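Following: one structure in structure tokens, then a few remarks.
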Amino acid sequence: PKQNVNVNTIQMKSYACQRRTPLKHHNSHLTEALEVLSENAAYGENEGRSVAFRRAASVLKALPYRVQTMDELKCLPCLGDHSQRVIKEILEDGTSREVESMRQSEQFQAMKALTGIFGVGVRTADRWFREGLRSPSDLIRTGQQLNREQQAGVLYYDELNKPVTKHEADLIGDIVKEAVSAVLPGAEIQLMGGFRRGKELGHDVDFLITHPEEGKEEELMPKIISWLEERDLLLYQKTTRNSYLEKKDAPGRPPNNMDRFERCFSIFKLQGHAETTGSDGVRPSNQSEASYWRAVRVDLVVSPYSQFAFATLGWTGSKLFERDLRRWAGQEKHMSLSSHALYDSVQRCYVRAQSEEEIFEYLGLEFIPPCERNA
Ligand code: ATP
Ligand code: MN
Ligand code: MN
């Protein structure tokens, strides 16, 4: 039932940053299939194809009704032939043979398992696959050379692949807050990523840290990390220093998705609590009640106050929403947007902003709140 929605009057905009995309939508049976195609294309290092399928899925996520017939798709953007073929198959048969056999294939499953290791990208996973390796245990068995990140990834594989709950994210938030206020009173911290968009589960927890007095935030990360390490709260961390220079970075340089903030990719040791027991309520047998803990991926980013609005926008996601924000800025507005700044190539100047709202306004976009950026 389409509850008063006239499919012919839907005006679906083509950039994800022009649309409201809620977390819960009506077409998961279609979007999940398209996302398998996207993932598979990514495993084959075909970025363009991967993004195309992701875009198609994203358009369906923004629809206010469940698609029933192909007719309803006529006016929608971003749906290529291949996507339409798969949608048609699912509407007619309830499932897509192409997608299902892809999902079952040894290559797809192995690539998923191997890229699911923290620190392992598509290139490495593909090389291992061609050498006959299929899973983290194959890596251990055959004594593969692993870097420090990958060693942690293999060691905590099961836990890192178990979704992080909002409750766990809040517990980690409390710890980070305590650490930050101990080493720099007055610093501010904000939950970012999927949890800021209203997700109840995530693959990690993202935090953005700043201080209202510009400059106070410099070299903050090593102090936070020491505070955490002294308390045995970290299993792994890799800190990168801030390398952003306004003059040297944008404009003119090819846009780079990686930002240059002081940051830390880490694995937290989250001490035991009710939520960390298994779904059956039973603790893993190798850990006593007193020493129970689980591994959780945590990203920490430090931003100068003057860049905080851009950093907030850049670290809220979703990844497709971010990608389209930058594409919109470049193609439609002749501006260059990053997590640090907005550069207006026509006026030849940087645009300052105190809030996300101001950035949307400058880009000529209607403000989309975080919970509707789930593109
Ligand atoms: P999940 O629940 O799976 O963690 P998520 O949306 O939080 O979903 P993340 O991979 O944690 O996904 O990324 C959160 C945001 O941070 C994204 O918007 C992404 O653009 C940004 N981001 C992630 N990694 C980097 C990076 N290395 N450099 C710049 N921005 C990044
Ligand atoms: Mn995240
Ligand atoms: Mn992250």
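Labels used: A, B, ... for chains in the order of the structure tokens, numbers from 1 for residues in each chain, and numbers from 1 for ligands as shown.
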
#### Entry: Env. residues ligand 2 / 8 Å / only C-alpha atoms and all ligand atoms / as a list in words
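Within the 8 Å cut-off, the matching residues are Met192, Gly193, Gly194, Phe195, Gly202, His203, Asp204, Val205, Asp206 and Asp299 of chain A.
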
### Query
Could you write out, as a count of residues only, all the residues of region 156-375 of chain A that DSSP marks as strand (DSSP E or B)?
51

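Relative to CA of Ala182 (chain A), CA of Leu220 (chain A) is found at 11.3 Å.
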
Compile a residue-level contact table for region 302-375 of chain A against region 7-23 of chain A at a cut-off of 8 Å, reporting for every qualifying residue the shortest atom pair and its distance in Å to one decimal, with only C-alpha atoms counted, rows ordered by chain and ascending number, as JSON lines.
```
{"residue": "A:Leu320", "atom": "CA", "partner": "A:Ala16", "partner_atom": "CA", "distance": 7.1}
{"residue": "A:Phe321", "atom": "CA", "partner": "A:Ala16", "partner_atom": "CA", "distance": 5.4}
{"residue": "A:Glu322", "atom": "CA", "partner": "A:Cys17", "partner_atom": "CA", "distance": 7.7}
{"residue": "A:Asp324", "atom": "CA", "partner": "A:Tyr15", "partner_atom": "CA", "distance": 5.8}
{"residue": "A:Leu325", "atom": "CA", "partner": "A:Cys17", "partner_atom": "CA", "distance": 5.6}
{"residue": "A:Trp328", "atom": "CA", "partner": "A:Tyr15", "partner_atom": "CA", "distance": 7.0}
{"residue": "A:Leu365", "atom": "CA", "partner": "A:Gln18", "partner_atom": "CA", "distance": 6.6}
{"residue": "A:Glu366", "atom": "CA", "partner": "A:Gln18", "partner_atom": "CA", "distance": 7.0}
{"residue": "A:Ile368", "atom": "CA", "partner": "A:Arg20", "partner_atom": "CA", "distance": 6.5}
{"residue": "A:Cys371", "atom": "CA", "partner": "A:Pro22", "partner_atom": "CA", "distance": 6.2}
{"residue": "A:Glu372", "atom": "CA", "partner": "A:Pro22", "partner_atom": "CA", "distance": 4.5}
{"residue": "A:Arg373", "atom": "CA", "partner": "A:Thr21", "partner_atom": "CA", "distance": 5.5}
{"residue": "A:Asn374", "atom": "CA", "partner": "A:Thr21", "partner_atom": "CA", "distance": 5.1}
{"residue": "A:Ala375", "atom": "CA", "partner": "A:Thr21", "partner_atom": "CA", "distance": 5.4}
```

### Selection: 12 Å around Arg127 (chain A), only C-alpha atoms, excl. self and same-chain fewer than 2 positions, as an MDAnalysis selection string
chainID A and resid 43:44 107 110:111 114:115 120:125 129:134 144

### Message
So that I can check the surroundings of Ala295 (chain A), please list as a PyMOL selection string every protein, DNA and RNA residue that reaches within 7 Å of it, counting only C-alpha atoms and ignoring chain neighbours fewer than 6 positions away.
### Response
chain A and resi 156+159-160+267-270

### Task
Please provide the set of residues having any atom within 10 Å of Arg103 (chain A), restricted to only C-alpha atoms, with same-chain residues fewer than 3 positions apart removed, written as a PyMOL selection string.
chain A and resi 33+36-37+40+97-100+106-109+112

### Query
So, counting only C-alpha atoms and all ligand atoms, which residue among A:Glu358, A:Asp344, A:Asp138, A:Asp259 is closest to ligand 1?
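Result for the nearest residue to ligand 1: A:Asp259.
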
#### Entry: Which of region 150-320 of chain A fall in helix (DSSP H, G or I), as a ChimeraX atom specification
/A:150-155,157-160,166-183,193-196,220-230,274-276,289-291,305-316,319-320

Would you export the selected residues with C-alpha atoms as an mmCIF file, in the first residue's frame, please?
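Produced file part.cif, reproduced below:
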```
data_model
loop_
_atom_site.group_PDB
_atom_site.id
_atom_site.type_symbol
_atom_site.label_atom_id
_atom_site.label_comp_id
_atom_site.auth_asym_id
_atom_site.auth_seq_id
_atom_site.Cartn_x
_atom_site.Cartn_y
_atom_site.Cartn_z
ATOM 1 C CA GLN A 150 46.951 -6.646 10.750
ATOM 2 C CA GLN A 151 48.291 -8.656 13.675
ATOM 3 C CA ALA A 152 45.817 -6.872 15.939
ATOM 4 C CA GLY A 153 43.138 -7.374 13.279
ATOM 5 C CA VAL A 154 43.678 -11.137 13.221
ATOM 6 C CA LEU A 155 44.029 -11.411 16.996
ATOM 7 C CA TYR A 157 38.969 -10.698 14.477
ATOM 8 C CA ASP A 158 35.769 -12.131 15.952
ATOM 9 C CA GLU A 159 35.175 -9.296 18.394
ATOM 10 C CA LEU A 160 35.906 -6.560 15.873
ATOM 11 C CA LYS A 166 25.034 2.348 21.064
ATOM 12 C CA HIS A 167 25.338 1.434 24.735
ATOM 13 C CA GLU A 168 28.955 0.370 24.245
ATOM 14 C CA ALA A 169 29.605 3.533 22.223
ATOM 15 C CA ASP A 170 28.305 5.602 25.156
ATOM 16 C CA LEU A 171 30.503 3.708 27.630
ATOM 17 C CA ILE A 172 33.531 4.440 25.474
ATOM 18 C CA GLY A 173 32.346 8.051 25.161
ATOM 19 C CA ASP A 174 32.456 8.335 28.965
ATOM 20 C CA ILE A 175 36.022 7.030 29.035
ATOM 21 C CA VAL A 176 37.186 9.358 26.262
ATOM 22 C CA LYS A 177 35.518 12.298 28.015
ATOM 23 C CA GLU A 178 37.317 11.486 31.231
ATOM 24 C CA ALA A 179 40.651 11.163 29.438
ATOM 25 C CA VAL A 180 40.201 14.390 27.490
ATOM 26 C CA SER A 181 39.094 16.493 30.443
ATOM 27 C CA ALA A 182 41.986 15.139 32.522
ATOM 28 C CA VAL A 183 44.626 16.178 29.987
ATOM 29 C CA GLY A 193 29.993 8.649 12.269
ATOM 30 C CA GLY A 194 27.078 6.246 12.177
ATOM 31 C CA PHE A 195 26.081 6.792 15.802
ATOM 32 C CA ARG A 196 25.621 10.525 15.177
ATOM 33 C CA LEU A 220 46.568 16.701 22.296
ATOM 34 C CA MET A 221 46.382 13.127 20.999
ATOM 35 C CA PRO A 222 49.625 11.786 22.523
ATOM 36 C CA LYS A 223 48.423 13.027 25.943
ATOM 37 C CA ILE A 224 45.061 11.301 25.558
ATOM 38 C CA ILE A 225 46.775 8.112 24.440
ATOM 39 C CA SER A 226 49.189 8.135 27.412
ATOM 40 C CA TRP A 227 46.278 8.645 29.808
ATOM 41 C CA LEU A 228 44.480 5.648 28.271
ATOM 42 C CA GLU A 229 47.567 3.443 28.097
ATOM 43 C CA GLU A 230 48.466 4.104 31.727
ATOM 44 C CA ALA A 274 26.067 -6.957 30.831
ATOM 45 C CA GLU A 275 25.926 -5.926 27.168
ATOM 46 C CA THR A 276 29.190 -7.636 26.303
ATOM 47 C CA GLU A 289 33.776 -12.563 35.295
ATOM 48 C CA ALA A 290 36.382 -10.312 36.879
ATOM 49 C CA SER A 291 38.552 -9.974 33.791
ATOM 50 C CA TYR A 305 38.158 25.068 16.616
ATOM 51 C CA SER A 306 38.102 27.100 13.378
ATOM 52 C CA GLN A 307 37.738 23.885 11.326
ATOM 53 C CA PHE A 308 35.338 22.144 13.700
ATOM 54 C CA ALA A 309 32.189 22.690 11.591
ATOM 55 C CA PHE A 310 33.906 21.218 8.515
ATOM 56 C CA ALA A 311 35.329 18.336 10.519
ATOM 57 C CA THR A 312 31.885 17.644 11.996
ATOM 58 C CA LEU A 313 30.302 17.584 8.548
ATOM 59 C CA GLY A 314 33.121 15.429 7.177
ATOM 60 C CA TRP A 315 33.082 12.825 9.927
ATOM 61 C CA THR A 316 29.322 12.366 10.196
ATOM 62 C CA LYS A 319 30.405 7.913 2.957
ATOM 63 C CA LEU A 320 28.143 8.361 -0.062
#
```

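Considering the residues A:Ser135, A:Ser339, A:Gln104, A:Asn242 and counting only C-alpha atoms and all ligand atoms, ligand 1 has its shortest atom-to-atom contact with A:Ser339.
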
### Message
Ranking A:Thr165, A:Ser266, A:Ser336, A:Ser345 by minimum distance to ligand 3 and counting only C-alpha atoms and all ligand atoms, which one comes first?
### Response
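Between A:Thr165, A:Ser266, A:Ser336, A:Ser345, the residue approaching ligand 3 most closely is A:Ser266.
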
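Shortest atom-to-atom contact with ligand 3 among A:Leu139, A:Ala52, A:Leu300, A:Ala41: A:Leu300, counting only C-alpha atoms and all ligand atoms.
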
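Atom 5 (P, counted along the ligand's line) of ligand 1 is positioned 20.5 Å from CA of Gly48 (chain A).
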